[in-house]
>>> print(open('run.txt').read())   # compact mmCIF, C-alpha atoms
# COMPACT_ATOMS: atom_id res chain seq x y z
CA MET A 16 0.00 0.00 0.00
CA MET A 17 1.37 3.43 -0.94
CA THR A 18 2.20 5.86 1.84
CA GLU A 19 0.69 9.33 1.94
CA HIS A 20 4.00 10.77 0.71
CA THR A 21 4.07 8.35 -2.22
CA VAL A 22 0.46 9.08 -3.11
CA LYS A 23 1.14 12.82 -3.10
CA ALA A 24 4.21 12.39 -5.30
CA PHE A 25 2.23 10.21 -7.69
CA ASP A 26 -0.58 12.78 -7.90
CA GLU A 27 1.97 15.48 -8.65
CA ASP A 28 3.49 13.38 -11.44
CA ILE A 29 0.08 12.73 -13.00
CA THR A 30 -0.81 16.43 -12.78
CA ARG A 31 2.47 17.27 -14.49
CA LEU A 32 1.79 14.67 -17.18
CA ARG A 33 -1.63 16.13 -17.87
CA GLY A 34 -0.16 19.62 -18.00
CA LEU A 35 2.42 18.59 -20.59
CA ILE A 36 -0.27 17.04 -22.79
CA ALA A 37 -2.37 20.20 -22.51
CA GLU A 38 0.65 22.34 -23.45
CA MET A 39 1.43 20.16 -26.45
CA GLY A 40 -2.18 20.27 -27.57
CA GLY A 41 -2.35 24.04 -27.27
CA LEU A 42 0.74 24.45 -29.41
CA ALA A 43 -0.65 22.05 -32.00
CA GLU A 44 -3.91 24.01 -32.16
CA VAL A 45 -2.03 27.26 -32.70
CA ALA A 46 0.12 25.59 -35.36
CA ILE A 47 -2.93 24.50 -37.37
CA GLY A 48 -4.47 27.98 -37.26
CA GLU A 49 -1.24 29.76 -38.16
CA ALA A 50 -0.40 27.26 -40.91
CA MET A 51 -3.74 27.98 -42.57
CA GLU A 52 -3.29 31.73 -42.14
CA ALA A 53 0.12 31.47 -43.79
CA LEU A 54 -1.27 29.37 -46.63
CA ILE A 55 -4.27 31.58 -47.40
CA LYS A 56 -2.46 34.92 -47.07
CA GLY A 57 0.93 33.85 -48.39
CA ALA A 58 2.51 34.92 -45.11
CA ASP A 59 5.97 33.40 -45.24
CA SER A 60 6.96 34.82 -41.85
CA VAL A 61 3.98 33.11 -40.19
CA ALA A 62 4.84 29.86 -41.95
CA ALA A 63 8.40 30.11 -40.64
CA GLN A 64 7.07 30.53 -37.09
CA VAL A 65 5.02 27.34 -37.43
CA VAL A 66 8.04 25.40 -38.64
CA ALA A 67 10.28 26.75 -35.89
CA ARG A 68 7.75 26.19 -33.10
CA ASP A 69 7.37 22.53 -34.04
CA LYS A 70 10.59 21.88 -32.11
CA GLN A 71 8.76 22.87 -28.91
CA ILE A 72 6.13 20.20 -29.52
CA ASP A 73 8.87 17.63 -30.16
CA ALA A 74 10.64 18.59 -26.93
CA LEU A 75 7.43 18.31 -24.92
CA GLU A 76 6.78 14.84 -26.35
CA GLN A 77 10.21 13.75 -25.15
CA GLU A 78 9.44 15.16 -21.70
CA VAL A 79 6.16 13.21 -21.60
CA ASP A 80 8.05 10.04 -22.54
CA ARG A 81 10.60 10.52 -19.78
CA LEU A 82 7.99 11.34 -17.14
CA ALA A 83 5.71 8.46 -18.10
CA ILE A 84 8.58 5.97 -17.94
CA ARG A 85 9.59 7.39 -14.57
CA ILE A 86 6.04 7.04 -13.24
CA ILE A 87 5.80 3.43 -14.37
CA ALA A 88 9.24 2.55 -12.98
CA LEU A 89 8.95 4.31 -9.61
CA ARG A 90 5.21 4.33 -8.85
CA ALA A 91 4.13 1.00 -10.38
CA PRO A 92 0.64 2.34 -11.19
CA MET A 93 -2.25 -0.10 -11.46
CA ALA A 94 -5.65 -0.20 -13.19
CA ASP A 95 -7.04 3.31 -13.85
CA ASP A 96 -3.72 5.01 -13.10
CA LEU A 97 -1.79 2.74 -15.45
CA ARG A 98 -4.33 3.35 -18.23
CA GLU A 99 -3.91 7.08 -17.80
CA VAL A 100 -0.12 6.89 -18.10
CA ILE A 101 -0.28 4.64 -21.15
CA ALA A 102 -2.90 6.88 -22.76
CA ALA A 103 -0.75 9.96 -22.13
CA LEU A 104 2.24 8.28 -23.80
CA LYS A 105 0.21 7.47 -26.91
CA ILE A 106 -1.59 10.81 -27.00
CA ALA A 107 1.72 12.70 -26.86
CA GLY A 108 2.94 10.79 -29.91
CA ILE A 109 -0.27 11.54 -31.79
CA ILE A 110 -0.17 15.26 -30.97
CA GLU A 111 3.42 15.37 -32.18
CA ARG A 112 2.22 14.01 -35.52
CA ILE A 113 -0.55 16.63 -35.65
CA GLY A 114 2.13 19.28 -35.20
CA ASP A 115 4.07 17.73 -38.06
CA TYR A 116 1.04 17.92 -40.34
CA ALA A 117 0.57 21.60 -39.47
CA LYS A 118 4.25 22.18 -40.23
CA ASN A 119 3.86 20.40 -43.58
CA ILE A 120 0.94 22.67 -44.46
CA ALA A 121 2.97 25.76 -43.54
CA LYS A 122 5.75 24.62 -45.87
CA ARG A 123 3.32 24.80 -48.82
CA THR A 124 2.95 28.58 -48.35
CA GLY A 125 5.58 29.61 -50.87
CA LYS A 126 4.37 27.10 -53.47
CA ILE A 127 0.83 28.44 -54.00
CA GLU A 128 0.45 30.70 -57.03
CA GLY A 129 -2.43 32.97 -58.00
CA ARG A 130 -4.12 32.97 -54.58
CA ALA A 131 -6.55 35.74 -55.45
CA ARG A 132 -8.04 33.91 -58.43
CA PHE A 133 -7.54 30.27 -57.43
CA GLU A 134 -11.11 29.25 -56.60
CA PRO A 135 -10.40 25.80 -55.02
CA LEU A 136 -8.32 27.50 -52.35
CA THR A 137 -11.58 28.78 -50.82
CA LEU A 138 -12.64 25.23 -49.96
CA ILE A 139 -9.66 24.42 -47.74
CA PRO A 140 -10.39 26.72 -44.75
CA ALA A 141 -13.79 25.11 -44.03
CA MET A 142 -12.15 21.69 -43.86
CA ALA A 143 -9.41 23.10 -41.64
CA ASP A 144 -12.01 24.58 -39.28
CA ILE A 145 -13.59 21.18 -38.67
CA ALA A 146 -10.24 19.44 -38.18
CA SER A 147 -9.08 22.17 -35.79
CA GLU A 148 -12.34 21.99 -33.81
CA MET A 149 -11.87 18.24 -33.47
CA VAL A 150 -8.40 18.77 -32.02
CA HIS A 151 -9.72 21.42 -29.61
CA ASP A 152 -12.67 19.30 -28.50
CA VAL A 153 -10.63 16.14 -27.99
CA LEU A 154 -8.19 18.05 -25.79
CA THR A 155 -11.17 19.33 -23.80
CA ALA A 156 -12.41 15.74 -23.52
CA TYR A 157 -8.99 14.67 -22.29
CA ALA A 158 -8.87 17.41 -19.65
CA ALA A 159 -12.42 16.59 -18.49
CA ARG A 160 -12.04 12.79 -18.77
CA ASP A 161 -15.26 12.91 -20.79
CA PRO A 162 -15.86 9.72 -22.84
CA ALA A 163 -19.08 11.08 -24.38
CA MET A 164 -17.24 14.08 -25.80
CA ALA A 165 -14.56 11.73 -27.11
CA VAL A 166 -17.21 9.70 -28.95
CA ALA A 167 -18.61 12.92 -30.47
CA VAL A 168 -15.14 13.74 -31.85
CA VAL A 169 -14.89 10.28 -33.44
CA GLU A 170 -18.26 10.72 -35.10
CA ARG A 171 -17.24 14.08 -36.59
CA ASP A 172 -14.33 12.53 -38.49
CA ALA A 173 -16.75 11.55 -41.27
CA GLN A 174 -17.26 15.26 -42.02
CA VAL A 175 -13.54 15.76 -42.58
CA ASP A 176 -13.40 12.71 -44.84
CA ALA A 177 -16.35 14.01 -46.86
CA PHE A 178 -14.64 17.38 -47.25
CA TYR A 179 -11.48 15.67 -48.44
CA ASP A 180 -13.37 13.66 -51.06
CA SER A 181 -15.14 16.79 -52.29
CA ILE A 182 -11.94 18.84 -52.44
CA PHE A 183 -10.11 16.03 -54.21
CA ARG A 184 -12.76 15.83 -56.94
CA ASN A 185 -12.89 19.62 -57.26
CA LEU A 186 -9.13 19.97 -57.60
CA VAL A 187 -8.80 17.14 -60.11
CA SER A 188 -11.53 18.72 -62.26
CA PHE A 189 -9.85 22.10 -61.95
CA MET A 190 -6.51 20.66 -63.09
CA VAL A 191 -8.13 19.01 -66.11
CA GLU A 192 -9.84 22.26 -67.13
CA ASN A 193 -6.84 24.47 -66.29
CA PRO A 194 -3.59 22.56 -66.92
CA SER A 195 -1.52 25.60 -65.96
CA THR A 196 -2.76 25.24 -62.36
CA ILE A 197 -1.56 21.66 -61.89
CA THR A 198 1.38 22.58 -59.64
CA THR A 199 -0.69 24.73 -57.29
CA ALA A 200 -3.60 22.27 -57.25
CA ALA A 201 -1.22 19.44 -56.40
CA GLN A 202 0.05 21.44 -53.44
CA LEU A 203 -3.50 21.98 -52.23
CA LEU A 204 -4.22 18.27 -52.55
CA PHE A 205 -1.25 17.75 -50.25
CA VAL A 206 -2.71 20.29 -47.80
CA ALA A 207 -6.14 18.63 -47.87
CA ARG A 208 -4.54 15.26 -47.23
CA ASN A 209 -2.70 16.65 -44.21
CA LEU A 210 -5.93 18.10 -42.83
CA GLU A 211 -7.62 14.73 -43.33
CA ARG A 212 -4.81 13.12 -41.35
CA ILE A 213 -5.21 15.69 -38.57
CA GLY A 214 -8.85 14.64 -38.30
CA ASP A 215 -7.82 10.98 -38.17
CA HIS A 216 -5.31 11.69 -35.43
CA ALA A 217 -7.80 13.71 -33.39
CA THR A 218 -9.98 10.61 -33.63
CA ASN A 219 -7.11 8.46 -32.39
CA VAL A 220 -6.69 10.75 -29.38
CA ALA A 221 -10.42 10.46 -28.72
CA GLU A 222 -10.12 6.69 -28.68
CA MET A 223 -7.33 6.90 -26.10
CA VAL A 224 -9.37 9.34 -23.99
CA TYR A 225 -12.28 6.90 -24.08
CA PHE A 226 -9.97 4.04 -23.10
CA ALA A 227 -8.42 5.99 -20.22
CA ALA A 228 -11.84 7.02 -18.90
CA THR A 229 -13.68 3.72 -19.27
CA GLY A 230 -11.16 0.92 -19.67
CA ASP A 231 -12.91 -0.10 -22.89
CA TYR A 232 -11.94 0.37 -26.53
CA LEU A 233 -14.00 2.00 -29.24
CA THR A 234 -14.26 -0.89 -31.68
CA ASP A 235 -16.79 0.36 -34.20
CA ARG A 236 -14.33 2.18 -36.48
CA ALA A 237 -13.91 0.34 -39.75
CA ASP A 238 -10.63 1.95 -40.72
CA ARG A 239 -7.66 2.89 -38.61
CA PRO A 240 -5.02 5.15 -40.16
CA VAL A 241 -1.45 3.95 -40.14
CA THR A 242 0.67 6.34 -38.07
>>> encode(input="run.txt", output="structure tokens")
Amino acid sequence: MMTEHTVKAFDEDITRLRGLIAEMGGLAEVAIGEAMEALIKGADSVAAQVVARDKQIDALEQEVDRLAIRIIALRAPMADDLREVIAALKIAGIIERIGDYAKNIAKRTGKIEGRARFEPLTLIPAMADIASEMVHDVLTAYAARDPAMAVAVVERDAQVDAFYDSIFRNLVSFMVENPSTITTAAQLLFVARNLERIGDHATNVAEMVYFAATGDYLTDRADRPVT
């Protein structure tokens, strides 16, 4: 049985772990928003900030890894506590990937030509809004240990997939009708794919939140993205 001192130390470690995840998630949210701002406005300086800040997300993931390993080694958590530590480890890795996708979008900024007259570009922000909201809501679900909110995030992934399919068809048609736009359209297809992956990864976080809160897995998803 753990002593009062050990219990207090364990609680402090878990609180720190949750704080690191929240910090990572906040940075990832900002990265998505700024990456889209850079893309739409052609703001190279904003894009550079997104790329540079990604190192902070990477560093936080490493800190989560170290702390989680320390908790497991020194505290020997069981049941609910062990699930929380394992979930935090996996969630940190997923958020790091979300940051990478935002960075990849930011890197497209200098490769988009004719922004003012490129009609398909207007479709991307709506898709980004849904993906970003999913990330925000799943982080809220994590902080609140709310499995119902996590399920709602999973269900919203279909909207992102539908947007991707629509944008894909629109861009392919645009390239066929306007061959001179192929390079820019291809870059936007890359952006849309990254946003679709952000939605998938928000869903993966939701699954881990559900697992940590209930001890059960969400098993009704037909497709699981490869990370």
>>> closest_residue(input="run.txt", among="A:Ala74, A:Ala63, A:Ala200, A:Ala50", to="Leu136 in chain A", atoms="only C-alpha atoms")
A:Ala200
>>> residues_around(input="run.txt", residues="Ala62 in chain A", least_positions_apart="6", cutoff="7 Å", atoms="only C-alpha atoms", output="MDAnalysis selection string")
chainID A and resid 50 53 121:122 124
>>> write_last_selection(input="run.txt", atoms="C-alpha atoms", output="mmCIF file, in the coordinates of the input")
data_model
loop_
_atom_site.group_PDB
_atom_site.id
_atom_site.type_symbol
_atom_site.label_atom_id
_atom_site.label_comp_id
_atom_site.auth_asym_id
_atom_site.auth_seq_id
_atom_site.Cartn_x
_atom_site.Cartn_y
_atom_site.Cartn_z
ATOM 1 C CA ALA A 50 -0.400 27.260 -40.910
ATOM 2 C CA ALA A 53 0.120 31.470 -43.790
ATOM 3 C CA ALA A 121 2.970 25.760 -43.540
ATOM 4 C CA LYS A 122 5.750 24.620 -45.870
ATOM 5 C CA THR A 124 2.950 28.580 -48.350
#
>>> atom_distance(input="run.txt", atom1="CA of Leu54 in chain A", atom2="CA of Ala201 in chain A")
13.9 Å
>>> atom_distance(input="run.txt", atom1="CA of Met190 in chain A", atom2="CA of Arg130 in chain A")
15.2 Å
>>> atom_distance(input="run.txt", atom1="CA of Glu211 in chain A", atom2="CA of Ala173 in chain A")
9.9 Å
>>> closest_residue(input="run.txt", among="A:Lys126, A:Lys118, A:His216, A:His151", to="Met164 in chain A", atoms="all atoms listed in the file")
A:His151
>>> residues_near_point(input="run.txt", point="(-14.0, 14.6, -45.5)", cutoff="10 Å", atoms="all atoms listed in the file", output="list in words")
Met142, Ile145, Ala146, Arg171, Asp172, Ala173, Gln174, Val175, Asp176, Ala177, Phe178, Tyr179, Asp180, Ser181, Ile182, Phe183, Ala207, Arg208, Leu210, Glu211 and Gly214 of chain A
>>> residues_around(input="run.txt", residues="Leu82 in chain A", least_positions_apart="2", cutoff="10 Å", atoms="only C-alpha atoms", output="list in words")
Asp28, Ile29, Arg31, Leu32, Leu35, Glu76, Gln77, Glu78, Val79, Asp80, Ile84, Arg85, Ile86, Ile87, Ala88, Val100 and Leu104 of chain A
>>> residues_around(input="run.txt", residues="Leu97 in chain A", least_positions_apart="6", cutoff="10 Å", atoms="only C-alpha atoms", output="PyMOL selection string")
chain A and resi 83+86-87+90-91+103+227
>>> closest_residue(input="run.txt", among="A:Glu222, A:Glu52, A:Asp26, A:Glu170", to="Leu154 in chain A", atoms="only C-alpha atoms")
A:Glu222
>>> closest_residue(input="run.txt", among="A:Met51, A:Ala102, A:Gly129, A:Glu111", to="Leu75 in chain A", atoms="all atoms listed in the file")
A:Glu111
>>> residues_around(input="run.txt", residues="Phe189 in chain A", least_positions_apart="3", cutoff="12 Å", atoms="all atoms listed in the file", output="ChimeraX atom specification")
/A:133-136,182-186,192-201,203-204
>>> closest_residue(input="run.txt", among="A:Lys105, A:Arg112, A:Arg123, A:Arg212", to="Asp59 in chain A", atoms="all atoms listed in the file")
A:Arg123
>>> residues_around(input="run.txt", residues="Ala67 in chain A", least_positions_apart="2", cutoff="12 Å", atoms="all atoms listed in the file", output="PyMOL selection string")
chain A and resi 42+46+50+60-65+69-73+114-115+117-119+121-122
>>> write_last_selection(input="run.txt", atoms="C-alpha atoms", output="PDB file, in the coordinates of the input")
ATOM      1  CA  LEU A  42       0.740  24.450 -29.410  1.00  0.00           C
ATOM      2  CA  ALA A  46       0.120  25.590 -35.360  1.00  0.00           C
ATOM      3  CA  ALA A  50      -0.400  27.260 -40.910  1.00  0.00           C
ATOM      4  CA  SER A  60       6.960  34.820 -41.850  1.00  0.00           C
ATOM      5  CA  VAL A  61       3.980  33.110 -40.190  1.00  0.00           C
ATOM      6  CA  ALA A  62       4.840  29.860 -41.950  1.00  0.00           C
ATOM      7  CA  ALA A  63       8.400  30.110 -40.640  1.00  0.00           C
ATOM      8  CA  GLN A  64       7.070  30.530 -37.090  1.00  0.00           C
ATOM      9  CA  VAL A  65       5.020  27.340 -37.430  1.00  0.00           C
ATOM     10  CA  ASP A  69       7.370  22.530 -34.040  1.00  0.00           C
ATOM     11  CA  LYS A  70      10.590  21.880 -32.110  1.00  0.00           C
ATOM     12  CA  GLN A  71       8.760  22.870 -28.910  1.00  0.00           C
ATOM     13  CA  ILE A  72       6.130  20.200 -29.520  1.00  0.00           C
ATOM     14  CA  ASP A  73       8.870  17.630 -30.160  1.00  0.00           C
ATOM     15  CA  GLY A 114       2.130  19.280 -35.200  1.00  0.00           C
ATOM     16  CA  ASP A 115       4.070  17.730 -38.060  1.00  0.00           C
ATOM     17  CA  ALA A 117       0.570  21.600 -39.470  1.00  0.00           C
ATOM     18  CA  LYS A 118       4.250  22.180 -40.230  1.00  0.00           C
ATOM     19  CA  ASN A 119       3.860  20.400 -43.580  1.00  0.00           C
ATOM     20  CA  ALA A 121       2.970  25.760 -43.540  1.00  0.00           C
ATOM     21  CA  LYS A 122       5.750  24.620 -45.870  1.00  0.00           C
TER      22      LYS A 122
END
>>> closest_residue(input="run.txt", among="A:Val150, A:Ile127, A:Ala221, A:Ala159", to="Ile55 in chain A", atoms="only C-alpha atoms")
A:Ile127
>>> build_atoms(input="run.txt", residues="range 192-207 of chain A", atoms="N, CA and C atoms", output="mmCIF file, in the coordinates of the input")
data_model
loop_
_atom_site.group_PDB
_atom_site.id
_atom_site.type_symbol
_atom_site.label_atom_id
_atom_site.label_comp_id
_atom_site.auth_asym_id
_atom_site.auth_seq_id
_atom_site.Cartn_x
_atom_site.Cartn_y
_atom_site.Cartn_z
ATOM 1 N N GLU A 192 -9.340 21.099 -66.385
ATOM 2 C CA GLU A 192 -9.840 22.260 -67.130
ATOM 3 C C GLU A 192 -8.795 23.359 -67.251
ATOM 4 N N ASN A 193 -7.860 23.406 -66.313
ATOM 5 C CA ASN A 193 -6.840 24.470 -66.290
ATOM 6 C C ASN A 193 -5.468 23.851 -66.056
ATOM 7 N N PRO A 194 -4.880 23.258 -67.083
ATOM 8 C CA PRO A 194 -3.590 22.560 -66.920
ATOM 9 C C PRO A 194 -2.488 23.417 -66.308
ATOM 10 N N SER A 195 -2.564 24.725 -66.500
ATOM 11 C CA SER A 195 -1.520 25.600 -65.960
ATOM 12 C C SER A 195 -1.538 25.667 -64.440
ATOM 13 N N THR A 196 -2.628 25.174 -63.830
ATOM 14 C CA THR A 196 -2.760 25.240 -62.360
ATOM 15 C C THR A 196 -2.354 23.926 -61.687
ATOM 16 N N ILE A 197 -1.834 22.985 -62.450
ATOM 17 C CA ILE A 197 -1.560 21.660 -61.890
ATOM 18 C C ILE A 197 -0.638 21.722 -60.681
ATOM 19 N N THR A 198 0.423 22.523 -60.750
ATOM 20 C CA THR A 198 1.380 22.580 -59.640
ATOM 21 C C THR A 198 0.717 23.082 -58.356
ATOM 22 N N THR A 199 -0.026 24.184 -58.468
ATOM 23 C CA THR A 199 -0.690 24.730 -57.290
ATOM 24 C C THR A 199 -1.771 23.783 -56.772
ATOM 25 N N ALA A 200 -2.546 23.200 -57.673
ATOM 26 C CA ALA A 200 -3.600 22.270 -57.250
ATOM 27 C C ALA A 200 -3.010 21.054 -56.549
ATOM 28 N N ALA A 201 -1.875 20.581 -57.038
ATOM 29 C CA ALA A 201 -1.220 19.440 -56.400
ATOM 30 C C ALA A 201 -0.794 19.784 -54.979
ATOM 31 N N GLN A 202 -0.326 21.011 -54.779
ATOM 32 C CA GLN A 202 0.050 21.440 -53.440
ATOM 33 C C GLN A 202 -1.161 21.485 -52.513
ATOM 34 N N LEU A 203 -2.288 21.924 -53.044
ATOM 35 C CA LEU A 203 -3.500 21.980 -52.230
ATOM 36 C C LEU A 203 -4.041 20.585 -51.924
ATOM 37 N N LEU A 204 -3.862 19.651 -52.845
ATOM 38 C CA LEU A 204 -4.220 18.270 -52.550
ATOM 39 C C LEU A 204 -3.394 17.753 -51.379
ATOM 40 N N PHE A 205 -2.136 18.133 -51.353
ATOM 41 C CA PHE A 205 -1.250 17.750 -50.250
ATOM 42 C C PHE A 205 -1.763 18.361 -48.942
ATOM 43 N N VAL A 206 -2.174 19.621 -48.987
ATOM 44 C CA VAL A 206 -2.710 20.290 -47.800
ATOM 45 C C VAL A 206 -3.976 19.583 -47.310
ATOM 46 N N ALA A 207 -4.891 19.294 -48.241
ATOM 47 C CA ALA A 207 -6.140 18.630 -47.870
ATOM 48 C C ALA A 207 -5.865 17.266 -47.244
#
